[in-house]
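Next comes coords10.txt, a file with compact mmCIF, N, CA and C atoms.
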```txt
# COMPACT_ATOMS: atom_id res chain seq x y z
N GLU N 1 109.43 270.93 -57.33
CA GLU N 1 109.69 272.34 -57.57
C GLU N 1 110.48 272.48 -58.87
N ARG N 2 110.27 273.59 -59.56
CA ARG N 2 110.93 273.78 -60.86
C ARG N 2 112.44 273.90 -60.74
N TYR N 3 112.94 274.36 -59.60
CA TYR N 3 114.39 274.50 -59.44
C TYR N 3 115.05 273.14 -59.24
N ALA N 4 114.32 272.19 -58.71
CA ALA N 4 114.86 270.83 -58.58
C ALA N 4 115.09 270.24 -59.96
N SER N 5 114.17 270.51 -60.90
CA SER N 5 114.37 270.00 -62.26
C SER N 5 115.53 270.70 -62.94
N LEU N 6 115.75 271.98 -62.64
CA LEU N 6 116.90 272.71 -63.18
C LEU N 6 118.20 272.09 -62.67
N CYS N 7 118.25 271.79 -61.38
CA CYS N 7 119.44 271.15 -60.80
C CYS N 7 119.66 269.78 -61.43
N ALA N 8 118.59 269.03 -61.60
CA ALA N 8 118.71 267.70 -62.21
C ALA N 8 119.22 267.79 -63.64
N PHE N 9 118.76 268.80 -64.38
CA PHE N 9 119.22 269.00 -65.75
C PHE N 9 120.73 269.23 -65.79
N PHE N 10 121.21 270.14 -64.95
CA PHE N 10 122.64 270.45 -64.95
C PHE N 10 123.47 269.28 -64.46
N LEU N 11 122.97 268.56 -63.49
CA LEU N 11 123.66 267.37 -63.04
C LEU N 11 123.74 266.35 -64.17
N GLY N 12 122.67 266.23 -64.94
CA GLY N 12 122.67 265.33 -66.10
C GLY N 12 123.70 265.74 -67.13
N VAL N 13 123.82 267.04 -67.38
CA VAL N 13 124.82 267.55 -68.33
C VAL N 13 126.22 267.18 -67.85
N VAL N 14 126.47 267.40 -66.57
CA VAL N 14 127.79 267.08 -66.01
C VAL N 14 128.08 265.59 -66.14
N VAL N 15 127.10 264.76 -65.80
CA VAL N 15 127.29 263.30 -65.88
C VAL N 15 127.56 262.87 -67.32
N LEU N 16 126.80 263.42 -68.27
CA LEU N 16 127.02 263.06 -69.68
C LEU N 16 128.42 263.43 -70.14
N VAL N 17 128.87 264.62 -69.78
CA VAL N 17 130.21 265.05 -70.19
C VAL N 17 131.26 264.20 -69.51
N VAL N 18 131.06 263.90 -68.23
CA VAL N 18 132.03 263.08 -67.51
C VAL N 18 132.18 261.72 -68.17
N PHE N 19 131.06 261.08 -68.50
CA PHE N 19 131.14 259.77 -69.13
C PHE N 19 131.67 259.86 -70.55
N ARG N 20 131.31 260.93 -71.25
CA ARG N 20 131.80 261.11 -72.62
C ARG N 20 133.30 261.32 -72.62
N GLU N 21 133.78 262.10 -71.66
CA GLU N 21 135.19 262.45 -71.60
C GLU N 21 136.03 261.45 -70.82
N GLU N 22 135.35 260.59 -70.03
CA GLU N 22 136.07 259.66 -69.16
C GLU N 22 137.18 260.42 -68.44
N ILE N 23 136.78 261.22 -67.49
CA ILE N 23 137.70 262.14 -66.81
C ILE N 23 138.96 261.40 -66.35
N ASN N 24 140.06 261.94 -66.75
CA ASN N 24 141.37 261.45 -66.41
C ASN N 24 142.17 262.66 -65.96
N VAL N 25 142.66 262.65 -64.74
CA VAL N 25 143.35 263.82 -64.22
C VAL N 25 144.69 264.06 -64.89
N GLN N 26 145.09 263.18 -65.79
CA GLN N 26 146.30 263.41 -66.57
C GLN N 26 145.97 263.70 -68.03
N GLN N 27 144.71 264.04 -68.26
CA GLN N 27 144.24 264.33 -69.61
C GLN N 27 144.86 265.63 -70.12
N ASN N 28 145.26 265.62 -71.38
CA ASN N 28 145.82 266.80 -72.05
C ASN N 28 147.07 267.33 -71.36
N CYS N 29 147.87 266.47 -70.79
CA CYS N 29 149.09 266.91 -70.11
C CYS N 29 150.20 267.20 -71.11
N ARG N 30 150.94 268.24 -70.82
CA ARG N 30 152.13 268.55 -71.62
C ARG N 30 153.30 267.81 -71.01
N SER N 31 154.15 267.29 -71.83
CA SER N 31 155.28 266.51 -71.34
C SER N 31 156.31 267.37 -70.59
N ASP N 32 156.35 268.65 -70.87
CA ASP N 32 157.36 269.51 -70.25
C ASP N 32 157.00 269.99 -68.84
N ILE N 33 155.78 269.74 -68.37
CA ILE N 33 155.43 270.20 -67.02
C ILE N 33 155.38 269.07 -66.00
N GLY N 34 155.40 267.85 -66.43
CA GLY N 34 155.39 266.73 -65.51
C GLY N 34 153.99 266.34 -65.07
N PRO N 35 153.81 265.07 -64.73
CA PRO N 35 152.47 264.57 -64.38
C PRO N 35 151.91 265.19 -63.09
N GLY N 36 152.76 265.51 -62.13
CA GLY N 36 152.28 266.08 -60.86
C GLY N 36 151.58 267.40 -61.06
N TRP N 37 152.20 268.30 -61.82
CA TRP N 37 151.59 269.60 -62.08
C TRP N 37 150.35 269.48 -62.95
N CYS N 38 150.36 268.52 -63.83
CA CYS N 38 149.19 268.29 -64.68
C CYS N 38 147.99 267.85 -63.83
N ILE N 39 148.23 266.95 -62.90
CA ILE N 39 147.17 266.49 -62.01
C ILE N 39 146.65 267.66 -61.18
N VAL N 40 147.55 268.46 -60.64
CA VAL N 40 147.15 269.63 -59.84
C VAL N 40 146.29 270.57 -60.70
N GLY N 41 146.71 270.80 -61.93
CA GLY N 41 145.96 271.69 -62.82
C GLY N 41 144.57 271.17 -63.14
N ASN N 42 144.47 269.89 -63.46
CA ASN N 42 143.16 269.32 -63.79
C ASN N 42 142.24 269.23 -62.58
N VAL N 43 142.77 268.86 -61.42
CA VAL N 43 141.94 268.81 -60.21
C VAL N 43 141.49 270.23 -59.84
N SER N 44 142.38 271.21 -59.97
CA SER N 44 142.01 272.61 -59.70
C SER N 44 140.91 273.07 -60.66
N GLY N 45 141.01 272.68 -61.92
CA GLY N 45 139.99 273.03 -62.90
C GLY N 45 138.63 272.42 -62.56
N LEU N 46 138.64 271.17 -62.12
CA LEU N 46 137.38 270.52 -61.70
C LEU N 46 136.79 271.23 -60.49
N CYS N 47 137.65 271.61 -59.54
CA CYS N 47 137.16 272.33 -58.36
C CYS N 47 136.57 273.68 -58.77
N SER N 48 137.21 274.36 -59.69
CA SER N 48 136.71 275.64 -60.17
C SER N 48 135.34 275.48 -60.82
N THR N 49 135.17 274.42 -61.60
CA THR N 49 133.89 274.15 -62.26
C THR N 49 132.78 273.96 -61.22
N VAL N 50 133.06 273.19 -60.20
CA VAL N 50 132.08 272.94 -59.14
C VAL N 50 131.78 274.24 -58.38
N LEU N 51 132.81 275.02 -58.08
CA LEU N 51 132.61 276.26 -57.34
C LEU N 51 131.77 277.27 -58.13
N TRP N 52 132.03 277.40 -59.44
CA TRP N 52 131.23 278.35 -60.24
C TRP N 52 129.77 277.91 -60.29
N PHE N 53 129.54 276.62 -60.41
CA PHE N 53 128.16 276.12 -60.38
C PHE N 53 127.55 276.44 -59.02
N GLY N 54 128.34 276.27 -57.96
CA GLY N 54 127.88 276.54 -56.61
C GLY N 54 127.66 278.02 -56.33
N VAL N 55 128.19 278.89 -57.17
CA VAL N 55 127.97 280.34 -57.03
C VAL N 55 126.75 280.77 -57.86
N LEU N 56 126.70 280.32 -59.10
CA LEU N 56 125.67 280.82 -60.02
C LEU N 56 124.27 280.27 -59.72
N LEU N 57 124.15 278.99 -59.48
CA LEU N 57 122.82 278.42 -59.25
C LEU N 57 122.15 279.00 -58.00
N PRO N 58 122.84 279.09 -56.87
CA PRO N 58 122.18 279.73 -55.71
C PRO N 58 121.81 281.20 -55.97
N GLN N 59 122.61 281.91 -56.78
CA GLN N 59 122.27 283.29 -57.09
C GLN N 59 120.97 283.36 -57.89
N ILE N 60 120.83 282.45 -58.84
CA ILE N 60 119.59 282.39 -59.63
C ILE N 60 118.40 282.11 -58.72
N LEU N 61 118.56 281.14 -57.84
CA LEU N 61 117.48 280.78 -56.93
C LEU N 61 117.16 281.93 -55.97
N HIS N 62 118.18 282.60 -55.48
CA HIS N 62 118.00 283.74 -54.58
C HIS N 62 117.25 284.87 -55.29
N ASN N 63 117.66 285.17 -56.51
CA ASN N 63 116.98 286.22 -57.29
C ASN N 63 115.51 285.86 -57.49
N ALA N 64 115.24 284.61 -57.81
CA ALA N 64 113.87 284.18 -58.08
C ALA N 64 113.02 284.23 -56.81
N GLN N 65 113.58 283.83 -55.69
CA GLN N 65 112.83 283.83 -54.44
C GLN N 65 112.43 285.24 -54.02
N ARG N 66 113.35 286.18 -54.17
CA ARG N 66 113.03 287.55 -53.74
C ARG N 66 112.57 288.43 -54.89
N LYS N 67 112.53 287.85 -56.10
CA LYS N 67 112.08 288.56 -57.30
C LYS N 67 112.79 289.90 -57.45
N SER N 68 114.12 289.82 -57.35
CA SER N 68 114.94 291.03 -57.40
C SER N 68 116.35 290.68 -57.86
N VAL N 69 116.98 291.64 -58.51
CA VAL N 69 118.39 291.52 -58.89
C VAL N 69 119.21 292.61 -58.19
N GLU N 70 118.62 293.17 -57.14
CA GLU N 70 119.29 294.23 -56.40
C GLU N 70 120.64 293.74 -55.89
N GLY N 71 121.66 294.57 -56.09
CA GLY N 71 123.00 294.24 -55.65
C GLY N 71 123.85 293.58 -56.72
N LEU N 72 123.24 293.17 -57.83
CA LEU N 72 124.00 292.58 -58.92
C LEU N 72 124.32 293.64 -59.97
N SER N 73 125.45 293.46 -60.62
CA SER N 73 125.83 294.37 -61.68
C SER N 73 125.38 293.81 -63.03
N PHE N 74 124.61 294.59 -63.76
CA PHE N 74 124.18 294.17 -65.09
C PHE N 74 125.38 294.02 -66.02
N ALA N 75 126.32 294.96 -65.93
CA ALA N 75 127.52 294.90 -66.78
C ALA N 75 128.32 293.63 -66.49
N TRP N 76 128.44 293.27 -65.22
CA TRP N 76 129.16 292.06 -64.85
C TRP N 76 128.45 290.83 -65.42
N SER N 77 127.14 290.80 -65.29
CA SER N 77 126.36 289.66 -65.79
C SER N 77 126.47 289.52 -67.30
N VAL N 78 126.38 290.63 -68.01
CA VAL N 78 126.49 290.60 -69.47
C VAL N 78 127.90 290.20 -69.88
N SER N 79 128.90 290.71 -69.20
CA SER N 79 130.29 290.35 -69.51
C SER N 79 130.53 288.86 -69.30
N ASN N 80 130.05 288.32 -68.19
CA ASN N 80 130.22 286.89 -67.93
C ASN N 80 129.48 286.05 -68.97
N PHE N 81 128.26 286.46 -69.31
CA PHE N 81 127.51 285.72 -70.32
C PHE N 81 128.23 285.75 -71.67
N SER N 82 128.69 286.91 -72.06
CA SER N 82 129.38 287.05 -73.35
C SER N 82 130.64 286.19 -73.40
N ALA N 83 131.43 286.26 -72.34
CA ALA N 83 132.67 285.47 -72.29
C ALA N 83 132.38 283.97 -72.31
N SER N 84 131.38 283.54 -71.55
CA SER N 84 131.09 282.11 -71.51
C SER N 84 130.49 281.61 -72.82
N THR N 85 129.75 282.47 -73.52
CA THR N 85 129.18 282.08 -74.82
C THR N 85 130.29 281.93 -75.85
N ILE N 86 131.21 282.86 -75.87
CA ILE N 86 132.36 282.76 -76.79
C ILE N 86 133.16 281.51 -76.46
N ASN N 87 133.37 281.25 -75.17
CA ASN N 87 134.11 280.07 -74.75
C ASN N 87 133.43 278.79 -75.20
N LEU N 88 132.10 278.75 -75.14
CA LEU N 88 131.35 277.56 -75.54
C LEU N 88 131.68 277.15 -76.98
N PHE N 89 131.65 278.11 -77.88
CA PHE N 89 131.89 277.78 -79.28
C PHE N 89 133.36 277.47 -79.55
N PHE N 90 134.25 278.07 -78.78
CA PHE N 90 135.67 277.78 -78.92
C PHE N 90 136.00 276.38 -78.43
N VAL N 91 135.38 275.98 -77.32
CA VAL N 91 135.68 274.69 -76.71
C VAL N 91 135.30 273.52 -77.61
N TRP N 92 134.18 273.65 -78.34
CA TRP N 92 133.73 272.54 -79.17
C TRP N 92 134.60 272.34 -80.40
N ARG N 93 135.49 273.27 -80.68
CA ARG N 93 136.38 273.16 -81.85
C ARG N 93 137.73 272.55 -81.51
N GLN N 94 138.00 272.39 -80.24
CA GLN N 94 139.29 271.89 -79.79
C GLN N 94 139.08 270.73 -78.81
N LYS N 95 140.15 270.08 -78.45
CA LYS N 95 140.11 269.01 -77.45
C LYS N 95 140.63 269.59 -76.13
N PHE N 96 139.73 269.72 -75.15
CA PHE N 96 140.08 270.28 -73.85
C PHE N 96 139.78 269.27 -72.75
N PRO N 97 140.34 269.50 -71.57
CA PRO N 97 139.99 268.64 -70.43
C PRO N 97 138.49 268.72 -70.13
N ALA N 98 137.99 267.69 -69.47
CA ALA N 98 136.56 267.58 -69.21
C ALA N 98 136.00 268.77 -68.43
N TYR N 99 136.76 269.30 -67.47
CA TYR N 99 136.21 270.41 -66.68
C TYR N 99 135.96 271.64 -67.54
N VAL N 100 136.74 271.83 -68.58
CA VAL N 100 136.53 272.96 -69.49
C VAL N 100 135.24 272.75 -70.28
N VAL N 101 135.02 271.53 -70.74
CA VAL N 101 133.81 271.21 -71.50
C VAL N 101 132.57 271.34 -70.61
N ILE N 102 132.66 270.85 -69.37
CA ILE N 102 131.52 270.92 -68.45
C ILE N 102 131.14 272.38 -68.21
N SER N 103 132.12 273.21 -67.87
CA SER N 103 131.79 274.61 -67.58
C SER N 103 131.35 275.34 -68.85
N ALA N 104 131.86 274.94 -70.00
CA ALA N 104 131.46 275.58 -71.25
C ALA N 104 129.99 275.31 -71.57
N VAL N 105 129.45 274.22 -71.05
CA VAL N 105 128.04 273.89 -71.29
C VAL N 105 127.13 274.64 -70.33
N TYR N 106 127.41 274.58 -69.04
CA TYR N 106 126.45 275.15 -68.10
C TYR N 106 126.63 276.65 -67.86
N MET N 107 127.83 277.19 -68.01
CA MET N 107 128.05 278.61 -67.71
C MET N 107 127.19 279.54 -68.56
N PRO N 108 127.17 279.39 -69.89
CA PRO N 108 126.34 280.33 -70.65
C PRO N 108 124.85 280.22 -70.32
N ILE N 109 124.40 279.02 -70.01
CA ILE N 109 122.99 278.84 -69.67
C ILE N 109 122.66 279.56 -68.37
N LEU N 110 123.47 279.33 -67.35
CA LEU N 110 123.21 279.98 -66.06
C LEU N 110 123.39 281.50 -66.16
N GLU N 111 124.42 281.93 -66.88
CA GLU N 111 124.65 283.37 -67.04
C GLU N 111 123.49 284.03 -67.80
N TYR N 112 122.97 283.34 -68.79
CA TYR N 112 121.85 283.87 -69.57
C TYR N 112 120.60 284.01 -68.70
N ILE N 113 120.38 283.03 -67.82
CA ILE N 113 119.25 283.11 -66.90
C ILE N 113 119.39 284.35 -66.01
N ILE N 114 120.59 284.61 -65.52
CA ILE N 114 120.81 285.79 -64.68
C ILE N 114 120.55 287.07 -65.47
N VAL N 115 121.02 287.12 -66.72
CA VAL N 115 120.78 288.30 -67.55
C VAL N 115 119.28 288.51 -67.73
N TRP N 116 118.54 287.43 -67.99
CA TRP N 116 117.09 287.55 -68.15
C TRP N 116 116.40 287.96 -66.86
N GLN N 117 116.99 287.58 -65.73
CA GLN N 117 116.41 287.99 -64.46
C GLN N 117 116.44 289.51 -64.29
N PHE N 118 117.40 290.17 -64.91
CA PHE N 118 117.40 291.63 -64.89
C PHE N 118 116.16 292.17 -65.59
N LEU N 119 115.77 291.51 -66.66
CA LEU N 119 114.57 291.94 -67.38
C LEU N 119 113.31 291.60 -66.57
N LEU N 120 113.30 290.44 -65.96
CA LEU N 120 112.12 290.00 -65.21
C LEU N 120 111.93 290.75 -63.89
N TYR N 121 113.02 290.97 -63.17
CA TYR N 121 112.92 291.50 -61.81
C TYR N 121 113.45 292.92 -61.67
N GLY N 122 114.18 293.40 -62.67
CA GLY N 122 114.74 294.74 -62.59
C GLY N 122 113.84 295.74 -63.30
N ASP N 123 114.37 296.88 -63.59
CA ASP N 123 113.65 297.91 -64.33
C ASP N 123 113.59 297.46 -65.79
N ALA N 124 112.46 296.92 -66.20
CA ALA N 124 112.32 296.33 -67.54
C ALA N 124 112.67 297.32 -68.64
N ARG N 125 112.28 298.57 -68.48
CA ARG N 125 112.57 299.56 -69.53
C ARG N 125 114.08 299.77 -69.66
N ARG N 126 114.76 299.70 -68.55
CA ARG N 126 116.20 299.95 -68.55
C ARG N 126 116.97 298.81 -69.21
N TYR N 127 116.54 297.57 -69.00
CA TYR N 127 117.29 296.40 -69.46
C TYR N 127 116.73 295.75 -70.71
N ARG N 128 115.51 296.07 -71.11
CA ARG N 128 114.85 295.37 -72.21
C ARG N 128 115.68 295.37 -73.48
N VAL N 129 116.10 296.53 -73.92
CA VAL N 129 116.84 296.64 -75.18
C VAL N 129 118.16 295.89 -75.09
N ALA N 130 118.87 296.06 -73.97
CA ALA N 130 120.16 295.38 -73.83
C ALA N 130 120.01 293.86 -73.86
N VAL N 131 119.00 293.34 -73.18
CA VAL N 131 118.80 291.89 -73.15
C VAL N 131 118.40 291.37 -74.53
N LEU N 132 117.55 292.08 -75.21
CA LEU N 132 117.11 291.65 -76.55
C LEU N 132 118.27 291.71 -77.55
N VAL N 133 119.07 292.76 -77.49
CA VAL N 133 120.25 292.86 -78.38
C VAL N 133 121.22 291.73 -78.09
N LEU N 134 121.48 291.48 -76.81
CA LEU N 134 122.38 290.40 -76.42
C LEU N 134 121.85 289.06 -76.90
N SER N 135 120.56 288.84 -76.79
CA SER N 135 119.95 287.58 -77.26
C SER N 135 120.12 287.44 -78.77
N ALA N 136 119.88 288.52 -79.51
CA ALA N 136 120.02 288.47 -80.97
C ALA N 136 121.47 288.22 -81.37
N LEU N 137 122.40 288.89 -80.72
CA LEU N 137 123.82 288.68 -81.03
C LEU N 137 124.25 287.25 -80.74
N SER N 138 123.78 286.71 -79.62
CA SER N 138 124.13 285.33 -79.26
C SER N 138 123.55 284.35 -80.27
N ALA N 139 122.32 284.57 -80.67
CA ALA N 139 121.70 283.68 -81.66
C ALA N 139 122.43 283.80 -83.01
N GLY N 140 122.81 285.00 -83.37
CA GLY N 140 123.56 285.19 -84.62
C GLY N 140 124.93 284.55 -84.57
N TYR N 141 125.55 284.60 -83.41
CA TYR N 141 126.88 284.00 -83.23
C TYR N 141 126.81 282.49 -83.33
N ALA N 142 125.71 281.94 -82.83
CA ALA N 142 125.52 280.48 -82.85
C ALA N 142 125.39 280.02 -84.29
```

In structure tokens, what does this structure look like?
Amino acid sequence: ERYASLCAFFLGVVVLVVFREEINVQQNCRSDIGPGWCIVGNVSGLCSTVLWFGVLLPQILHNAQRKSVEGLSFAWSVSNFSASTINLFFVWRQKFPAYVVISAVYMPILEYIIVWQFLLYGDARRYRVAVLVLSALSAGYA
């Protein structure tokens, strides 16, 4: 199934980043907060990354199965996509913990898929211009 390959792709991205970053729960720790709080922060960040993936991917699959975006907010989807796209370019310019890099890679992709689902499954006339403008702005920003 095509969604199995999508899951495999994202799992591959996570594995590549994990090995590239050699996840260390004391990575990027500030000396003034102590190692315990640093570990808590990094583990919490990793959990957040997993949870967001666990929220977005099933939503994409659910939308595709029922061929509908009913109940989703277009403004929320566009806002999330915009924020994650900005975050992606910011993250690559700095040194951040692995969970930040992982989510910076998959979040804009998954959010963009959801935005496009509004065009595919929603009122195309209503969303067409917004999706195309957003796509052009994102490409220009890149």

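The space between atom CA of Gly36 of chain N and atom CA of Lys95 of chain N spans 20.8 Å.
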
Sorted by chain and rising residue number, which residues of segment 21-106 of chain N lie within 5 Å of segment 115-124 of chain N, and what are their closest atom pairs and distances in Å to one decimal, counting all atoms listed in the file, as CSV?
```
residue,atom,partner,partner_atom,distance
N:Lys67,C,N:Tyr121,CA,4.6
N:Ser68,CA,N:Tyr121,CA,4.9
N:Val69,N,N:Tyr121,C,4.9
```

Got time to write the residues from that selection, N, CA and C atoms, as a PDB file, keeping the file's coordinate frame?
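Saved file again.pdb follows:
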```pdb
ATOM      1  N   LYS N  67     112.530 287.850 -56.100  1.00  0.00           N
ATOM      2  CA  LYS N  67     112.080 288.560 -57.300  1.00  0.00           C
ATOM      3  C   LYS N  67     112.790 289.900 -57.450  1.00  0.00           C
ATOM      4  N   SER N  68     114.120 289.820 -57.350  1.00  0.00           N
ATOM      5  CA  SER N  68     114.940 291.030 -57.400  1.00  0.00           C
ATOM      6  C   SER N  68     116.350 290.680 -57.860  1.00  0.00           C
ATOM      7  N   VAL N  69     116.980 291.640 -58.510  1.00  0.00           N
ATOM      8  CA  VAL N  69     118.390 291.520 -58.890  1.00  0.00           C
ATOM      9  C   VAL N  69     119.210 292.610 -58.190  1.00  0.00           C
TER      10      VAL N  69
END
```

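If you measure from each of N:Tyr112, N:Val100, N:Arg66, N:Arg126 to Gly45 of chain N using all atoms listed in the file, the closest one turns out to be N:Val100.
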
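As for atom CA of Asn63 of chain N and atom CA of Leu46 of chain N, they are spaced 26.1 Å apart.
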
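With distances taken over all atoms listed in the file, N:Asn42 is the one residue among N:Ser79, N:Asn42, N:His62, N:Ser73 lying closest to Ala98 of chain N.
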
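The interatomic distance for the pair atom C of Ser48 of chain N and atom CA of Ala130 of chain N works out to 28.2 Å.
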
Select, from N:Leu88, N:Leu61, N:Val129, N:Ala75, the residue with the minimum atom-to-atom distance to Val105 of chain N, counting all atoms listed in the file.
-> N:Leu88

Listed atoms of segment 91-96 of chain N boxed along x, y and z, 8 Å each side, centre and edge lengths in Å, one decimal, as lines of an AutoDock Vina configuration file:
```
center_x = 137.2
center_y = 272.5
center_z = -77.3
size_x = 22.9
size_y = 23.0
size_z = 25.1
```
